[in-house]
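As provided, structure_31.pdb (PDB, C-alpha atoms) reads as follows.
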ATOM      1  CA  MET A  92     -84.479 186.939 -81.669
ATOM      2  CA  ASN A  93     -87.611 185.417 -80.107
ATOM      3  CA  SER A  94     -89.199 182.622 -82.155
ATOM      4  CA  GLU A  95     -92.515 182.725 -80.231
ATOM      5  CA  PRO A  96     -95.520 183.901 -82.280
ATOM      6  CA  ALA A  97     -96.703 187.370 -81.314
ATOM      7  CA  ASN A  98    -100.368 186.351 -81.153
ATOM      8  CA  ARG A  99     -99.849 183.385 -78.794
ATOM      9  CA  PRO A 100    -102.730 183.087 -76.274
ATOM     10  CA  ILE A 101    -102.066 183.968 -72.635
ATOM     11  CA  PHE A 102    -103.153 180.498 -71.503
ATOM     12  CA  ASP A 103    -102.308 177.561 -73.720
ATOM     13  CA  ARG A 104    -105.347 175.308 -73.303
ATOM     14  CA  THR A 105    -103.262 172.294 -74.298
ATOM     15  CA  ALA A 106    -100.586 172.901 -71.676
ATOM     16  CA  GLN A 107    -100.090 170.110 -69.165
ATOM     17  CA  TRP A 108    -100.974 172.339 -66.190
ATOM     18  CA  ASP A 109    -104.142 173.689 -67.808
ATOM     19  CA  VAL A 110    -106.077 170.402 -67.980
ATOM     20  CA  GLU A 111    -105.726 167.391 -65.744
ATOM     21  CA  ARG A 112    -106.617 163.922 -66.945
ATOM     22  CA  VAL A 113    -108.870 162.023 -64.568
ATOM     23  CA  GLY A 114    -109.249 158.469 -65.811
ATOM     24  CA  GLU A 115    -110.344 158.796 -69.427
ATOM     25  CA  GLN A 116    -111.865 162.269 -68.893
ATOM     26  CA  GLU A 117    -110.210 165.659 -68.762
ATOM     27  CA  ARG A 118    -111.194 168.154 -66.092
ATOM     28  CA  PRO A 119    -110.401 171.850 -65.807
ATOM     29  CA  VAL A 120    -107.805 172.985 -63.342
ATOM     30  CA  ARG A 121    -109.443 173.951 -60.025
ATOM     31  CA  VAL A 122    -108.504 177.412 -58.746
ATOM     32  CA  LEU A 123    -109.406 178.775 -55.322
ATOM     33  CA  VAL A 124    -109.560 182.593 -55.198
ATOM     34  CA  VAL A 125    -109.272 183.973 -51.656
ATOM     35  CA  ASP A 126    -109.856 187.694 -51.157
ATOM     36  CA  ASP A 127    -112.184 189.859 -49.071
ATOM     37  CA  GLU A 128    -112.517 192.543 -51.773
ATOM     38  CA  PRO A 129    -115.634 191.745 -53.868
ATOM     39  CA  LEU A 130    -114.400 193.553 -56.998
ATOM     40  CA  ILE A 131    -111.096 191.662 -57.023
ATOM     41  CA  VAL A 132    -112.900 188.351 -56.501
ATOM     42  CA  GLU A 133    -115.315 189.167 -59.328
ATOM     43  CA  MET A 134    -112.547 190.168 -61.760
ATOM     44  CA  LEU A 135    -110.368 187.137 -61.028
ATOM     45  CA  THR A 136    -113.326 184.755 -61.148
ATOM     46  CA  MET A 137    -114.574 186.178 -64.437
ATOM     47  CA  GLY A 138    -111.152 186.042 -66.108
ATOM     48  CA  LEU A 139    -110.234 182.573 -64.866
ATOM     49  CA  THR A 140    -113.660 181.139 -65.716
ATOM     50  CA  TYR A 141    -113.453 182.648 -69.201
ATOM     51  CA  GLU A 142    -110.107 180.879 -69.694
ATOM     52  CA  GLY A 143    -111.651 177.538 -68.740
ATOM     53  CA  PHE A 144    -110.611 177.176 -65.115
ATOM     54  CA  GLU A 145    -113.007 175.860 -62.468
ATOM     55  CA  VAL A 146    -113.120 178.627 -59.840
ATOM     56  CA  SER A 147    -114.112 178.465 -56.163
ATOM     57  CA  VAL A 148    -114.160 181.508 -53.893
ATOM     58  CA  ALA A 149    -113.455 182.187 -50.215
ATOM     59  CA  ARG A 150    -113.494 185.565 -48.475
ATOM     60  CA  THR A 151    -111.668 184.773 -45.205
ATOM     61  CA  GLY A 152    -108.717 182.636 -44.211
ATOM     62  CA  TYR A 153    -110.876 180.174 -42.306
ATOM     63  CA  GLU A 154    -113.323 179.884 -45.202
ATOM     64  CA  ALA A 155    -110.370 179.248 -47.548
ATOM     65  CA  LEU A 156    -109.310 176.254 -45.476
ATOM     66  CA  ASP A 157    -112.856 174.861 -45.455
ATOM     67  CA  VAL A 158    -113.267 175.301 -49.223
ATOM     68  CA  ALA A 159    -109.806 173.833 -49.899
ATOM     69  CA  ARG A 160    -110.701 170.704 -47.908
ATOM     70  CA  ASN A 161    -113.789 170.154 -50.069
ATOM     71  CA  VAL A 162    -112.559 171.328 -53.474
ATOM     72  CA  ARG A 163    -108.902 170.216 -53.342
ATOM     73  CA  PRO A 164    -107.659 173.057 -55.588
ATOM     74  CA  ASP A 165    -104.761 172.754 -57.998
ATOM     75  CA  LEU A 166    -103.934 176.452 -57.551
ATOM     76  CA  VAL A 167    -104.767 179.022 -54.858
ATOM     77  CA  VAL A 168    -104.701 182.777 -55.515
ATOM     78  CA  LEU A 169    -104.474 184.223 -52.027
ATOM     79  CA  ASP A 170    -104.611 187.757 -50.625
ATOM     80  CA  ILE A 171    -102.163 188.331 -47.787
ATOM     81  CA  MET A 172    -104.452 190.633 -45.766
ATOM     82  CA  LEU A 173    -107.578 188.670 -44.813
ATOM     83  CA  PRO A 174    -109.976 188.951 -41.891
ATOM     84  CA  GLY A 175    -109.403 186.368 -39.172
ATOM     85  CA  MET A 176    -106.416 184.369 -40.380
ATOM     86  CA  ASP A 177    -103.933 186.137 -42.675
ATOM     87  CA  GLY A 178    -102.834 184.805 -46.042
ATOM     88  CA  VAL A 179     -99.388 183.747 -44.837
ATOM     89  CA  GLU A 180    -100.895 181.390 -42.241
ATOM     90  CA  VAL A 181    -103.423 180.070 -44.769
ATOM     91  CA  CYS A 182    -100.557 179.395 -47.187
ATOM     92  CA  ARG A 183     -98.565 177.586 -44.488
ATOM     93  CA  ARG A 184    -101.515 175.331 -43.660
ATOM     94  CA  LEU A 185    -102.367 174.623 -47.295
ATOM     95  CA  ARG A 186     -98.782 173.630 -48.024
ATOM     96  CA  ALA A 187     -98.821 171.330 -44.986
ATOM     97  CA  TRP A 188    -101.834 169.631 -46.600
ATOM     98  CA  GLY A 189     -99.945 169.169 -49.865
ATOM     99  CA  VAL A 190    -101.258 172.125 -51.881
ATOM    100  CA  GLU A 191     -98.082 173.331 -53.574
ATOM    101  CA  ALA A 192     -99.309 175.954 -56.041
ATOM    102  CA  VAL A 193    -100.166 178.985 -53.895
ATOM    103  CA  SER A 194     -99.831 182.516 -55.237
ATOM    104  CA  ILE A 195     -99.980 185.283 -52.626
ATOM    105  CA  LEU A 196    -101.236 188.710 -53.650
ATOM    106  CA  GLU A 197    -100.329 191.788 -51.670
ATOM    107  CA  ARG A 198    -101.739 195.173 -52.488
ATOM    108  CA  VAL A 199    -101.296 198.603 -50.992
ATOM    109  CA  MET A 200    -104.481 200.530 -50.323
ATOM    110  CA  ASN A 201    -103.060 204.047 -50.577
ATOM    111  CA  PHE A 202     -99.792 205.923 -50.751
ATOM    112  CA  GLU A 203    -100.283 207.592 -47.360
ATOM    113  CA  GLN A 204    -100.151 204.199 -45.621
ATOM    114  CA  VAL A 205     -96.939 203.365 -47.468
ATOM    115  CA  GLY A 206     -95.377 206.656 -46.392
ATOM    116  CA  VAL A 207     -96.330 206.135 -42.743
ATOM    117  CA  GLN A 208     -95.045 202.540 -42.760
ATOM    118  CA  ALA A 209     -91.785 203.599 -44.417
ATOM    119  CA  GLN A 210     -91.287 206.438 -41.949
ATOM    120  CA  HIS A 211     -91.747 204.090 -38.968
ATOM    121  CA  SER A 212     -89.320 201.545 -40.377
ATOM    122  CA  GLU A 213     -86.657 204.239 -40.921
ATOM    123  CA  HIS A 214     -87.241 205.894 -37.512
ATOM    124  CA  PRO A 215     -88.583 203.225 -35.123
ATOM    125  CA  SER A 216     -88.378 205.466 -32.059
ATOM    126  CA  GLU A 217     -90.889 207.979 -33.457
TER     127      GLU A 217
END

Mind turning this structure into structure tokens?
Amino acid sequence: MNSEPANRPIFDRTAQWDVERVGEQERPVRVLVVDDEPLIVEMLTMGLTYEGFEVSVARTGYEALDVARNVRPDLVVLDIMLPGMDGVEVCRRLRAWGVEAVSILERVMNFEQVGVQAQHSEHPSE
């Protein structure tokens, strides 16, 4: 049987990863959201900001690297399909810089694309 309370908040504001101590002051965790879809950026930014995170936004892979250099995020939420440089390459470069907490998001735009991709992988000669 689970001993966790049913009404436990999604983000525990006292958790070690949720607030970083800088000297004698606490600062919110810095999150970089990287996506070229405005609605996704807006939803993630709104939710993370509401929960107390400090959110920065980038819409391309190259912009993500520029913002990461300046902001030094604790966490990066990264789309895999970005204009210019894809999310996998951005992730590789961020990790080389020491950013360890990178979450890659991959979404499928429609079921027809999935069917076509699956068909080509099953029958490569077609």

(request) Counting all atoms listed in the file, figure out which residue out of A:Glu128, A:Glu117, A:Glu191, A:Asp177 gets nearest to Tyr153 in chain A. (result)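 Distance minimum relative to Tyr153 in chain A lands on A:Asp177.
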
(request) Let me know the residues the PyMOL selection byres ((chain A and resi 152) around 7) catches in the file above, as a ChimeraX atom specification. (result) /A:151,153-156,173-178,181

(request) To one decimal in Å, tell me the separation between CA of Arg186 in chain A and CA of Leu135 in chain A. (result)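 Between CA of Arg186 in chain A and CA of Leu135 in chain A the gap works out to 22.0 Å.
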
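CA of Phe144 in chain A lies 24.1 Å from CA of Val179 in chain A.
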
(request) Would you mind reading off the distance between CA of Cys182 in chain A and CA of Leu166 in chain A, one decimal, in Å? (result)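 CA of Leu166 in chain A lies at a distance of 11.3 Å from CA of Cys182 in chain A.
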
(request) Name the closest residue to Val120 in chain A among the candidates A:Ala192, A:Ile171, A:Arg184, A:Asn161; distances are taken between atoms, counting all atoms listed in the file. (result)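 For Val120 in chain A, the nearest of the given residues is A:Ala192.
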
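Nearest to Ile195 in chain A of all the residues A:Glu180, A:Glu133, A:Glu145, A:Asp157 is A:Glu180, counting all atoms listed in the file.
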
(message) Using all atoms listed in the file, which protein or nucleic acid residues come within 9 Å of Leu123 in chain A? Drop anything in the same chain fewer than 6 positions from it, and give the result as number ranges by chain.
(response) A: 145-149, 155, 158-159, 162-169
